[in-house]
Amino acid sequence: MPDDPKKLPFDTSKEESELAAIHEREEEDVARILSEKYGMPYADLALKTVNADALRLIPEEEARATKAAAFDVVAKKLSLAVNDPHNPALPALLEELAGRGYDVAKYLVSKKSFEKALARYAELSHAIESKPGVFRVPQAAFAKLAASDHSKQALAEEFDRATAEESLERVSRVLEIAFAGAIALRASDIHLEPESEKTRLRLRIDGLLTDAYFFDARTYHQLNSRIKVLSGAKLNITDRAQDGRFTLDTAEKQIEIRASFIPGAYGESIVLRLLDPETTRVSYKELGIPAKLLERLEVEIRRANGMLLNTGPTGSGKTTTLYSFLREIHTPEIKIITIEDPIEYHFEGIVQTQVEGEKYTFAEGLRSIVRQDPDVIMVGEIRDAETAGIAIQAALTGHFVFSTVHTNDAAGTFPRLADLGADPKSFGSAITVSMAQRLVRKLDPSNKKARPTTAAEQAMIKKLFENVADASLAPQQIDTVFEPAEATEEKTGYKGRIGLFEAIFMDDELAHFLRDNPPEGDIRRAVAKQGYLTMAQDGVLKALAGVTSLEEVAGTVDLPRP
């Protein structure tokens, strides 16, 4: 008996295929109608071949962000498939292409057509695997720089070769070299500064900026767009400041990149800060903290409650020092929570939070953190009265708080907090340590020489140490200091940096003295009897020991006139 027709399976594949075809035709019809509305010619990429050379002219990340992809190019005439004419990032792309000399013809395409163009990126032989917010630097990018002793001349030669290329990888290659060069030369920042006819690239090495290369306008615009896409900044905004961040993925480690864009007369100035996680793994014993001060700090950072404030200008190493303290005290029994702006270094085993404009401020975050029952709190910066007040209350109620304040020295911490609205009467109970630090360049051990001190330098040193409370800290010899044996543009005679430190510790006498909010100078004189070095004294001792030069110290902290 034949099967019951009602129970036979019903094959819908043909109907579904026909329905999909109808939808595709409808989508193309809509695109054709919209092309007339927008005054743009229509194109169906299903009927055209996408030119690989054209596709290479716009990086895939930028094509996805702008909803536009190049599908044909003849000489300087470029055909651009546009899926969204109102995309806010599109004008910046068109301007950038025009700046590179291309005569762009825009064609409105359907979503299906545009996706066909995007799919072709995967077929390009030079396509680089990537993902949003991550830029990979292959190990090969470091090879030539390593072979050439990490010189700026070798870096410039690599840039010359990369900028001469004409391919999709051109801008990626330039960025690879920039990051590989920055890492090889131990740079902390990359600066791109557009000028009237060229763009200057500078690297900050050991705290000082140095010229590394000059780019043409076309390369600058390509780099600008690529960095914005990577960092999440808006391509079409060029008249106000923007910030972003992305991850640099090398074969050995991941480095966070913080990007800053500000408008200028000839284009946006871009600064890329390299936040190498290796810097936070440095032990607090390797930072250059003087032995007597280090011994006291080892006790203070383990208190059950209180507050340690570290002060200094931007780039003086405050965050690195605080992280080294956190790493030292961190155990499974202690809960540590941070609130930062932004999170600069990722630290396993602690809870890190980040401020977000007006939605999640330092003050609001700190209030929430206290409710999480932490033992230790790190606040990225105390910058307003509300944050200062909550931090002080946290220190008074069973938490130890690490934070930073922008002042010139340790004594300036207390007037600064008072200016923010904090009550000076609470300082004695809440604040246990006020630190200050600066960074100076270290002399290259293989390229330094001794020289006799001048009469004026000896007089200055004697004056600096004449009232030191702990005579054992005064220098035993002041006849010799050190300087670079040979200094060139490539080899300055310095290698790496080390900190200069000073600290004030709270005691009953100081707590009573601070209640009336005295000026900095009076505080400085009152705490001299505690017997710790000032930053100036620490610097001079390091110069006499050959760690740095006296000229470097004099350029970083104020030394007395003889």
# chains A, B, ... in the order shown; residues from 1 in each chain; ligands from 1
call {"tool": "residues_around", "arguments": {"residues": "stretch 408-422 of chain A", "least_positions_apart": "6", "cutoff": "6 Å", "atoms": "only C-alpha atoms", "output": "list in words"}}
result
Gly312, Asp384, Ala385, Gly389, Ser434, Met435, Ala436, Ala503, Glu520, Ile523 and Arg524 of chain A
call {"tool": "residues_around", "arguments": {"residues": "A:Gly317", "least_positions_apart": "4", "cutoff": "9 Å", "atoms": "only C-alpha atoms", "output": "number ranges by chain"}}
result
A: 312-313, 321-322, 437-439, 499
call {"tool": "write_last_selection", "arguments": {"atoms": "N, CA and C atoms", "output": "compact mmCIF listing (two decimals), in the first residue's frame"}}
result
# COMPACT_ATOMS: atom_id res chain seq x y z
N GLY A 312 53.77 64.28 41.90
CA GLY A 312 54.72 64.57 40.83
C GLY A 312 53.97 64.89 39.55
N PRO A 313 54.65 65.45 38.56
CA PRO A 313 53.99 65.79 37.28
C PRO A 313 53.69 64.56 36.46
N THR A 321 55.24 53.32 40.47
CA THR A 321 55.61 53.14 41.87
C THR A 321 54.46 52.54 42.67
N LEU A 322 53.24 53.08 42.48
CA LEU A 322 52.09 52.55 43.22
C LEU A 322 51.82 51.09 42.86
N GLN A 437 58.18 62.24 43.60
CA GLN A 437 59.23 61.63 42.79
C GLN A 437 59.40 62.33 41.45
N ARG A 438 60.58 62.17 40.89
CA ARG A 438 60.90 62.60 39.53
C ARG A 438 61.71 61.48 38.88
N LEU A 439 61.83 61.52 37.56
CA LEU A 439 62.66 60.57 36.84
C LEU A 439 63.84 61.29 36.20
N GLY A 499 64.42 56.83 39.53
CA GLY A 499 63.65 57.83 40.27
C GLY A 499 64.47 58.59 41.30
call {"tool": "residues_around", "arguments": {"residues": "A:Ala545", "least_positions_apart": "6", "cutoff": "10 Å", "atoms": "only C-alpha atoms", "output": "list in words"}}
result
Pro475, Gln477, Ile478, Thr480, Val481, Phe482 and Gly539 of chain A
call {"tool": "select_by_dssp", "arguments": {"residues": "stretch 42-125 of chain A", "states": "alpha helix (DSSP H)", "output": "PyMOL selection string"}}
result
chain A and resi 52-55+60-66+90-99+111-121
call {"tool": "write_last_selection", "arguments": {"atoms": "N, CA and C atoms", "output": "short mmCIF file (atom, residue, chain, number, x, y, z; two decimals), in the first residue's frame"}}
result
data_model
loop_
_atom_site.label_atom_id
_atom_site.label_comp_id
_atom_site.auth_asym_id
_atom_site.auth_seq_id
_atom_site.Cartn_x
_atom_site.Cartn_y
_atom_site.Cartn_z
N ALA A 52 41.27 43.78 -7.02
CA ALA A 52 42.06 43.60 -5.79
C ALA A 52 42.95 44.80 -5.52
N ASP A 53 43.52 45.40 -6.59
CA ASP A 53 44.38 46.57 -6.39
C ASP A 53 43.59 47.75 -5.83
N ALA A 54 42.34 47.87 -6.28
CA ALA A 54 41.50 48.94 -5.75
C ALA A 54 41.16 48.66 -4.28
N LEU A 55 40.82 47.42 -3.98
CA LEU A 55 40.43 47.05 -2.62
C LEU A 55 41.56 47.33 -1.63
N GLU A 60 40.73 47.11 5.52
CA GLU A 60 39.44 46.47 5.80
C GLU A 60 38.73 47.12 6.98
N GLU A 61 39.48 47.45 8.06
CA GLU A 61 38.84 48.05 9.23
C GLU A 61 38.16 49.36 8.88
N GLU A 62 38.84 50.14 8.02
CA GLU A 62 38.29 51.44 7.62
C GLU A 62 37.08 51.26 6.69
N ALA A 63 37.14 50.26 5.82
CA ALA A 63 36.01 49.98 4.92
C ALA A 63 34.77 49.61 5.72
N ARG A 64 34.96 48.79 6.74
CA ARG A 64 33.82 48.40 7.58
C ARG A 64 33.27 49.58 8.37
N ALA A 65 34.19 50.44 8.86
CA ALA A 65 33.76 51.58 9.66
C ALA A 65 33.02 52.62 8.82
N THR A 66 33.43 52.79 7.58
CA THR A 66 32.83 53.82 6.72
C THR A 66 31.71 53.29 5.84
N LEU A 90 32.28 58.75 6.53
CA LEU A 90 32.54 58.76 5.09
C LEU A 90 33.26 60.03 4.62
N PRO A 91 32.85 61.23 5.06
CA PRO A 91 33.55 62.44 4.57
C PRO A 91 35.05 62.43 4.84
N ALA A 92 35.47 61.92 5.99
CA ALA A 92 36.90 61.87 6.31
C ALA A 92 37.63 60.93 5.35
N LEU A 93 36.99 59.82 4.99
CA LEU A 93 37.60 58.89 4.05
C LEU A 93 37.73 59.54 2.67
N LEU A 94 36.68 60.22 2.23
CA LEU A 94 36.73 60.89 0.92
C LEU A 94 37.82 61.96 0.89
N GLU A 95 37.94 62.68 1.99
CA GLU A 95 38.98 63.72 2.07
C GLU A 95 40.37 63.08 2.03
N GLU A 96 40.50 61.96 2.73
CA GLU A 96 41.79 61.28 2.77
C GLU A 96 42.16 60.74 1.39
N LEU A 97 41.19 60.18 0.66
CA LEU A 97 41.46 59.69 -0.70
C LEU A 97 41.80 60.82 -1.65
N ALA A 98 41.10 61.93 -1.49
CA ALA A 98 41.42 63.10 -2.32
C ALA A 98 42.82 63.60 -2.01
N GLY A 99 43.20 63.56 -0.73
CA GLY A 99 44.54 63.99 -0.35
C GLY A 99 45.62 63.10 -0.94
N LYS A 111 23.36 46.23 0.54
CA LYS A 111 24.12 45.58 1.60
C LYS A 111 24.76 44.29 1.08
N LYS A 112 24.03 43.58 0.24
CA LYS A 112 24.55 42.33 -0.32
C LYS A 112 25.78 42.58 -1.18
N SER A 113 25.72 43.62 -2.00
CA SER A 113 26.87 43.97 -2.83
C SER A 113 28.07 44.35 -1.99
N PHE A 114 27.80 45.17 -0.95
CA PHE A 114 28.89 45.63 -0.09
C PHE A 114 29.55 44.46 0.62
N GLU A 115 28.74 43.50 1.07
CA GLU A 115 29.29 42.33 1.75
C GLU A 115 30.15 41.49 0.81
N LYS A 116 29.83 41.53 -0.48
CA LYS A 116 30.65 40.82 -1.46
C LYS A 116 32.04 41.45 -1.52
N ALA A 117 32.09 42.78 -1.50
CA ALA A 117 33.37 43.48 -1.52
C ALA A 117 34.18 43.15 -0.26
N LEU A 118 33.51 43.16 0.90
CA LEU A 118 34.21 42.86 2.15
C LEU A 118 34.76 41.43 2.14
N ALA A 119 34.00 40.52 1.55
CA ALA A 119 34.45 39.13 1.51
C ALA A 119 35.73 38.97 0.71
N ARG A 120 35.94 39.87 -0.25
CA ARG A 120 37.15 39.79 -1.09
C ARG A 120 38.42 40.09 -0.31
N TYR A 121 38.31 40.80 0.84
CA TYR A 121 39.50 41.09 1.64
C TYR A 121 40.18 39.80 2.08
#
call {"tool": "residues_around", "arguments": {"residues": "A:Ala471", "least_positions_apart": "6", "cutoff": "12 Å", "atoms": "only C-alpha atoms", "output": "list in words"}}
result
Phe465, Lys529, Gly531, Tyr532 and Leu533 of chain A
call {"tool": "write_last_selection", "arguments": {"atoms": "N, CA, C and O atoms", "output": "mmCIF file, in the first residue's frame"}}
result
data_model
loop_
_atom_site.group_PDB
_atom_site.id
_atom_site.type_symbol
_atom_site.label_atom_id
_atom_site.label_comp_id
_atom_site.auth_asym_id
_atom_site.auth_seq_id
_atom_site.Cartn_x
_atom_site.Cartn_y
_atom_site.Cartn_z
ATOM 1 N N PHE A 465 73.564 69.980 51.845
ATOM 2 C CA PHE A 465 73.598 68.993 52.931
ATOM 3 C C PHE A 465 73.959 69.589 54.289
ATOM 4 O O PHE A 465 74.089 68.840 55.259
ATOM 5 N N LYS A 529 63.534 67.559 60.252
ATOM 6 C CA LYS A 529 64.072 66.797 61.381
ATOM 7 C C LYS A 529 63.745 65.299 61.301
ATOM 8 O O LYS A 529 64.319 64.504 62.041
ATOM 9 N N GLY A 531 64.648 63.351 59.085
ATOM 10 C CA GLY A 531 65.902 62.702 58.728
ATOM 11 C C GLY A 531 65.910 61.912 57.442
ATOM 12 O O GLY A 531 66.697 60.965 57.290
ATOM 13 N N TYR A 532 65.063 62.304 56.494
ATOM 14 C CA TYR A 532 65.062 61.647 55.180
ATOM 15 C C TYR A 532 65.531 62.620 54.111
ATOM 16 O O TYR A 532 65.400 63.841 54.265
ATOM 17 N N LEU A 533 66.054 62.086 53.030
ATOM 18 C CA LEU A 533 66.586 62.911 51.948
ATOM 19 C C LEU A 533 65.475 63.611 51.179
ATOM 20 O O LEU A 533 64.379 63.070 51.016
#
call {"tool": "select_by_dssp", "arguments": {"residues": "stretch 239-332 of chain A", "states": "strand (DSSP E)", "output": "ChimeraX atom specification"}}
result
/A:242-249,254-262,269-275,306-311
call {"tool": "write_last_selection", "arguments": {"atoms": "C-alpha atoms", "output": "PDB file, in the first residue's frame"}}
result
ATOM      1  CA  GLN A 242      39.535  62.689  21.136  1.00  0.00           C
ATOM      2  CA  ASP A 243      41.027  59.815  23.111  1.00  0.00           C
ATOM      3  CA  GLY A 244      41.124  56.101  22.415  1.00  0.00           C
ATOM      4  CA  ARG A 245      43.116  52.981  23.083  1.00  0.00           C
ATOM      5  CA  PHE A 246      44.029  49.665  21.480  1.00  0.00           C
ATOM      6  CA  THR A 247      46.327  46.717  22.071  1.00  0.00           C
ATOM      7  CA  LEU A 248      49.678  46.140  20.404  1.00  0.00           C
ATOM      8  CA  ASP A 249      50.209  42.404  20.047  1.00  0.00           C
ATOM      9  CA  GLN A 254      50.792  42.680  24.617  1.00  0.00           C
ATOM     10  CA  ILE A 255      51.247  46.418  25.095  1.00  0.00           C
ATOM     11  CA  GLU A 256      48.354  48.788  25.659  1.00  0.00           C
ATOM     12  CA  ILE A 257      48.423  51.900  23.451  1.00  0.00           C
ATOM     13  CA  ARG A 258      46.692  55.064  24.621  1.00  0.00           C
ATOM     14  CA  ALA A 259      45.915  57.382  21.684  1.00  0.00           C
ATOM     15  CA  SER A 260      45.268  61.122  21.934  1.00  0.00           C
ATOM     16  CA  PHE A 261      44.150  63.400  19.073  1.00  0.00           C
ATOM     17  CA  ILE A 262      44.015  67.204  19.268  1.00  0.00           C
ATOM     18  CA  SER A 269      48.436  66.055  16.443  1.00  0.00           C
ATOM     19  CA  ILE A 270      48.553  62.417  17.544  1.00  0.00           C
ATOM     20  CA  VAL A 271      50.317  61.037  20.606  1.00  0.00           C
ATOM     21  CA  LEU A 272      50.531  57.289  21.213  1.00  0.00           C
ATOM     22  CA  ARG A 273      51.621  56.269  24.703  1.00  0.00           C
ATOM     23  CA  LEU A 274      53.044  52.756  25.028  1.00  0.00           C
ATOM     24  CA  LEU A 275      51.967  51.189  28.326  1.00  0.00           C
ATOM     25  CA  GLY A 306      45.769  54.997  56.270  1.00  0.00           C
ATOM     26  CA  MET A 307      46.768  56.666  53.032  1.00  0.00           C
ATOM     27  CA  LEU A 308      49.890  56.914  50.884  1.00  0.00           C
ATOM     28  CA  LEU A 309      49.868  59.794  48.406  1.00  0.00           C
ATOM     29  CA  ASN A 310      52.441  59.940  45.618  1.00  0.00           C
ATOM     30  CA  THR A 311      52.968  63.290  43.910  1.00  0.00           C
TER      31      THR A 311
END
call {"tool": "atom_distance", "arguments": {"atom1": "atom CA of A:Lys292", "atom2": "atom CA of A:Val527"}}
result
15.7 Å
call {"tool": "atom_distance", "arguments": {"atom1": "atom CA of A:Leu80", "atom2": "atom CA of A:Gly232"}}
result
23.2 Å
call {"tool": "residues_around", "arguments": {"residues": "A:Ala554", "least_positions_apart": "2", "cutoff": "12 Å", "atoms": "only C-alpha atoms", "output": "list of chain:residue names"}}
result
A:Arg438, A:Val440, A:Arg441, A:Glu457, A:Met460, A:Ile461, A:Leu500, A:Met535, A:Ala536, A:Gln537, A:Asp538, A:Gly539, A:Val540, A:Ala543, A:Thr548, A:Ser549, A:Leu550, A:Glu551, A:Glu552, A:Thr556, A:Val557, A:Asp558, A:Leu559, A:Pro560, A:Arg561
call {"tool": "atom_distance", "arguments": {"atom1": "atom CA of A:Phe179", "atom2": "atom CA of A:Lys491"}}
result
20.1 Å
call {"tool": "closest_residue", "arguments": {"among": "A:Ile329, A:Thr219, A:Pro562, A:Lys234", "to": "A:Ala164", "atoms": "only C-alpha atoms"}}
result
A:Thr219
call {"tool": "closest_residue", "arguments": {"among": "A:Asp508, A:Glu300, A:Asp341, A:Asp516", "to": "A:Thr432", "atoms": "only C-alpha atoms"}}
result
A:Glu300
call {"tool": "residues_around", "arguments": {"residues": "A:Ala391", "least_positions_apart": "3", "cutoff": "9 Å", "atoms": "only C-alpha atoms", "output": "list of chain:residue names"}}
result
A:Met307, A:Ala363, A:Leu366, A:Arg367, A:Ile377, A:Val379, A:Ile382, A:Glu386, A:Thr387, A:Ala388, A:Ala394, A:Ala395, A:Leu396, A:Val401, A:Ser403, A:Ala430
